[in-house]
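J.: Structure below; questions to follow.
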Amino acid sequence: MALPRQETIGESILEVVAILLSGAITWTVCAIIIKRDEKKLGEEMLARAYPPATLIMSVFAFQQIAVLVHFVRTRRSVKGFFLGLGWAVLAALPALLVDAIFGLFLPD
């Protein structure tokens, strides 16, 4: 039975860079989506939006789920849920693209 192939240091560094870049892109896109939406909200809906410190923490910890929760909290409707679901899926696409690109360079 053959031993599994060991990763080189360069491959390990590239994998760490891929993880950090993917996370940074996801956090940025999620924050942009929420802040962009907040500019369009009326006073009543804006009062239900995340406070600034909570926004930063929720985006950092939960990424796309924070986007979905933002739309549900501010709209309080089924339309808000589906709007949030759509934006959450769109927020995942840039990170998936980065992961696919790095996947071309990283061995299995």
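The way I read the labels, and the way they are meant: chains A, B, ... in the order of the structure tokens, residue 1 as the first residue of every chain, and ligand 1 as the first ligand shown, with later ones counted on from there.
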Any chance you could tabulate, as a tab-separated table, the residues of region 43-71 of chain A at most 9 Å from region 83-86 of chain A with each one's nearest atom pair and distance in Å to one decimal, using only C-alpha atoms, in chain and rising number order?
T.:
```
residue	atom	partner	partner_atom	distance
A:Gln64	CA	A:Leu85	CA	8.7
A:Ile65	CA	A:Leu85	CA	8.7
A:Val67	CA	A:Gly84	CA	6.2
A:Leu68	CA	A:Gly84	CA	4.2
A:Val69	CA	A:Gly84	CA	7.2
A:His70	CA	A:Gly84	CA	7.3
A:Phe71	CA	A:Gly84	CA	4.9
```
J.: Please determine, counting only C-alpha atoms, which residue among A:Ala66, A:Leu106, A:Ala100, A:Ala95 has the shortest atom-to-atom distance to Leu20 (chain A).
T.: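 For Leu20 (chain A), the nearest of the given residues is A:Ala95.
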J.: Which residues are close to Leu96 (chain A), i.e. within 10 Å by only C-alpha atoms, leaving aside same-chain residues fewer than 5 positions away? Reply as a list of chain:residue names.
T.: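 Skipping anything fewer than 5 positions along the chain leaves A:Ser22, A:Thr26, A:Ala91, A:Ile101, A:Phe102.
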J.: Any chance you can output those residues with all heavy atoms as a PDB file, in the first residue's frame?
T.:
```pdb
ATOM      1  N   SER A  22     -10.704  33.869  -0.275  1.00  0.00           N
ATOM      2  CA  SER A  22     -12.114  33.515  -0.410  1.00  0.00           C
ATOM      3  C   SER A  22     -12.933  34.119   0.729  1.00  0.00           C
ATOM      4  O   SER A  22     -14.017  34.670   0.511  1.00  0.00           O
ATOM      5  CB  SER A  22     -12.255  31.993  -0.423  1.00  0.00           C
ATOM      6  OG  SER A  22     -13.600  31.621  -0.501  1.00  0.00           O
ATOM      7  N   THR A  26     -15.828  37.052   0.398  1.00  0.00           N
ATOM      8  CA  THR A  26     -17.182  36.787   0.896  1.00  0.00           C
ATOM      9  C   THR A  26     -17.619  37.845   1.897  1.00  0.00           C
ATOM     10  O   THR A  26     -18.739  38.361   1.822  1.00  0.00           O
ATOM     11  CB  THR A  26     -17.247  35.387   1.539  1.00  0.00           C
ATOM     12  OG1 THR A  26     -16.864  34.411   0.570  1.00  0.00           O
ATOM     13  CG2 THR A  26     -18.642  35.076   2.029  1.00  0.00           C
ATOM     14  N   ALA A  91     -24.126  36.324  -3.226  1.00  0.00           N
ATOM     15  CA  ALA A  91     -22.954  36.644  -2.409  1.00  0.00           C
ATOM     16  C   ALA A  91     -21.968  35.484  -2.373  1.00  0.00           C
ATOM     17  O   ALA A  91     -20.773  35.687  -2.149  1.00  0.00           O
ATOM     18  CB  ALA A  91     -23.384  37.010  -0.995  1.00  0.00           C
ATOM     19  N   ILE A 101     -10.838  28.799  -9.311  1.00  0.00           N
ATOM     20  CA  ILE A 101      -9.573  29.214  -9.921  1.00  0.00           C
ATOM     21  C   ILE A 101      -8.382  28.626  -9.163  1.00  0.00           C
ATOM     22  O   ILE A 101      -7.459  28.070  -9.770  1.00  0.00           O
ATOM     23  CB  ILE A 101      -9.477  30.755  -9.988  1.00  0.00           C
ATOM     24  CG1 ILE A 101     -10.483  31.299 -11.005  1.00  0.00           C
ATOM     25  CG2 ILE A 101      -8.058  31.201 -10.333  1.00  0.00           C
ATOM     26  CD1 ILE A 101     -10.666  32.789 -10.974  1.00  0.00           C
ATOM     27  N   PHE A 102      -8.425  28.712  -7.828  1.00  0.00           N
ATOM     28  CA  PHE A 102      -7.343  28.114  -7.041  1.00  0.00           C
ATOM     29  C   PHE A 102      -7.333  26.595  -7.164  1.00  0.00           C
ATOM     30  O   PHE A 102      -6.289  25.965  -7.079  1.00  0.00           O
ATOM     31  CB  PHE A 102      -7.436  28.537  -5.578  1.00  0.00           C
ATOM     32  CG  PHE A 102      -6.752  29.834  -5.278  1.00  0.00           C
ATOM     33  CD1 PHE A 102      -7.472  31.018  -5.203  1.00  0.00           C
ATOM     34  CD2 PHE A 102      -5.377  29.886  -5.096  1.00  0.00           C
ATOM     35  CE1 PHE A 102      -6.853  32.212  -4.939  1.00  0.00           C
ATOM     36  CE2 PHE A 102      -4.738  31.089  -4.833  1.00  0.00           C
ATOM     37  CZ  PHE A 102      -5.465  32.254  -4.755  1.00  0.00           C
TER      38      PHE A 102
END
```
J.: Can you tell me which residues surround Trp27 (chain A) at a distance of at most 8 Å, considering only C-alpha atoms, apart from same-chain residues fewer than 5 positions away, and format the answer as JSON, numbers by chain?
T.: {"A": [59, 60, 63]}
J.: Go ahead and save the picked residues with all heavy atoms, as a PDB file, in the first residue's frame.
T.:
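Contents of out.pdb, as written:
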```pdb
ATOM      1  N   VAL A  59     -21.568  39.506   9.733  1.00  0.00           N
ATOM      2  CA  VAL A  59     -20.989  39.230   8.413  1.00  0.00           C
ATOM      3  C   VAL A  59     -19.714  38.404   8.563  1.00  0.00           C
ATOM      4  O   VAL A  59     -19.476  37.466   7.808  1.00  0.00           O
ATOM      5  CB  VAL A  59     -20.725  40.542   7.630  1.00  0.00           C
ATOM      6  CG1 VAL A  59     -19.843  40.302   6.429  1.00  0.00           C
ATOM      7  CG2 VAL A  59     -22.040  41.166   7.198  1.00  0.00           C
ATOM      8  N   PHE A  60     -18.896  38.734   9.555  1.00  0.00           N
ATOM      9  CA  PHE A  60     -17.660  37.977   9.772  1.00  0.00           C
ATOM     10  C   PHE A  60     -17.962  36.531  10.152  1.00  0.00           C
ATOM     11  O   PHE A  60     -17.341  35.607   9.645  1.00  0.00           O
ATOM     12  CB  PHE A  60     -16.808  38.635  10.859  1.00  0.00           C
ATOM     13  CG  PHE A  60     -15.521  37.925  11.116  1.00  0.00           C
ATOM     14  CD1 PHE A  60     -14.450  38.068  10.248  1.00  0.00           C
ATOM     15  CD2 PHE A  60     -15.383  37.092  12.216  1.00  0.00           C
ATOM     16  CE1 PHE A  60     -13.263  37.397  10.471  1.00  0.00           C
ATOM     17  CE2 PHE A  60     -14.204  36.424  12.454  1.00  0.00           C
ATOM     18  CZ  PHE A  60     -13.133  36.567  11.582  1.00  0.00           C
ATOM     19  N   GLN A  63     -21.447  35.199   7.213  1.00  0.00           N
ATOM     20  CA  GLN A  63     -21.411  35.539   5.796  1.00  0.00           C
ATOM     21  C   GLN A  63     -22.794  35.581   5.144  1.00  0.00           C
ATOM     22  O   GLN A  63     -23.566  36.487   5.411  1.00  0.00           O
ATOM     23  CB  GLN A  63     -20.490  34.598   5.020  1.00  0.00           C
ATOM     24  CG  GLN A  63     -19.053  34.706   5.376  1.00  0.00           C
ATOM     25  CD  GLN A  63     -18.606  33.580   6.287  1.00  0.00           C
ATOM     26  OE1 GLN A  63     -19.257  32.566   6.401  1.00  0.00           O
ATOM     27  NE2 GLN A  63     -17.505  33.775   6.940  1.00  0.00           N
TER      28      GLN A  63
END
```
J.: Which distance in Å separates CA of Ile56 (chain A) and CA of Asp37 (chain A), to one decimal?
T.: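 Separation between CA of Ile56 (chain A) and CA of Asp37 (chain A): 15.2 Å.
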J.: For Ala49 (chain A), list every protein, DNA or RNA residue within 8 Å, evaluated using only C-alpha atoms, and leave out those in the same chain fewer than 6 positions away; present the list as a PyMOL selection string.
T.: chain A and resi 38+70+73-74
J.: Write the residues of the selection above to a file with all heavy atoms, as a tab-separated table (two decimals), in the first residue's frame.
T.:
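This is the output file part_1.tsv:
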```tsv
chain	number	residue	atom	x	y	z
A	38	GLU	N	-29.40	48.95	2.81
A	38	GLU	CA	-29.77	49.88	3.87
A	38	GLU	C	-30.02	51.29	3.34
A	38	GLU	O	-30.86	52.01	3.87
A	38	GLU	CB	-28.69	49.92	4.96
A	38	GLU	CG	-28.69	48.72	5.87
A	38	GLU	CD	-27.61	48.78	6.92
A	38	GLU	OE1	-26.69	49.63	6.82
A	38	GLU	OE2	-27.65	47.95	7.84
A	70	HIS	N	-30.62	39.68	7.35
A	70	HIS	CA	-30.86	41.12	7.17
A	70	HIS	C	-32.16	41.36	6.41
A	70	HIS	O	-32.99	42.18	6.84
A	70	HIS	CB	-29.69	41.76	6.41
A	70	HIS	CG	-30.02	43.10	5.85
A	70	HIS	ND1	-30.08	44.25	6.62
A	70	HIS	CD2	-30.35	43.48	4.58
A	70	HIS	CE1	-30.42	45.27	5.85
A	70	HIS	NE2	-30.59	44.83	4.61
A	73	ARG	N	-35.19	40.30	8.56
A	73	ARG	CA	-35.42	41.24	9.67
A	73	ARG	C	-36.01	42.55	9.21
A	73	ARG	O	-36.90	43.11	9.85
A	73	ARG	CB	-34.11	41.55	10.39
A	73	ARG	CG	-33.64	40.50	11.34
A	73	ARG	CD	-32.37	40.92	12.01
A	73	ARG	NE	-32.60	42.17	12.74
A	73	ARG	CZ	-31.80	42.63	13.68
A	73	ARG	NH1	-30.72	41.96	14.00
A	73	ARG	NH2	-32.05	43.76	14.30
A	74	THR	N	-35.51	43.08	8.11
A	74	THR	CA	-35.96	44.40	7.68
A	74	THR	C	-37.31	44.34	6.98
A	74	THR	O	-38.12	45.25	7.14
A	74	THR	CB	-34.93	45.06	6.75
A	74	THR	OG1	-34.66	44.21	5.63
A	74	THR	CG2	-33.65	45.36	7.49
```
J.: Distance CA of Glu7 (chain A)-CA of Ala24 (chain A), one decimal place?
T.: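 CA of Glu7 (chain A) sits 24.4 Å away from CA of Ala24 (chain A).
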J.: Just checking: using only C-alpha atoms, which residue out of A:Leu14, A:Pro94, A:Ala31, A:Leu46 ends up closest to Ser58 (chain A)?
T.: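 Among the listed residues, A:Ala31 lies closest to Ser58 (chain A).
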J.: Restricting the calculation to only C-alpha atoms: of A:Ile13, A:Ala18, A:Leu41, A:Ala47, which residue gets closest to Leu104 (chain A)?
T.: A:Ala18
J.: In Å, rounded to a single decimal, give me how far CA of Ser77 (chain A) is from CA of Tyr50 (chain A).
T.: 17.0 Å
J.: Calculated over only C-alpha atoms, which of the candidates A:Leu93, A:Val98, A:Arg75, A:Gly103 has the smallest distance to Leu21 (chain A)?
T.: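 Ranking A:Leu93, A:Val98, A:Arg75, A:Gly103 by distance to Leu21 (chain A), first place goes to A:Val98.
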J.: Do a neighbour search on Gly10 (chain A) at 12 Å with only C-alpha atoms, toss out local chain neighbours closer than 4 positions, and write the hits as a PyMOL selection string.
T.: chain A and resi 6+14-17+105-107
J.: Between A:Arg48, A:Ala88, A:Asp99, A:Leu55, which has the minimum distance to Arg76 (chain A) (counting only C-alpha atoms)?
T.: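 Of the candidates, the smallest distance to Arg76 (chain A) is held by A:Arg48.
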J.: If DSSP is run on the backbone, what residues of region 3-107 of chain A are helix (DSSP H, G or I)? A reply as a ChimeraX atom specification would be ideal.
T.: /A:9-40,43-47,52-62,64-75,78-105
J.: From the list A:Ala92, A:Cys30, A:Lys79, A:Ala2, which residue is nearest Met57 (chain A) when using only C-alpha atoms?
T.: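 Closest residue, counting only C-alpha atoms: A:Cys30.
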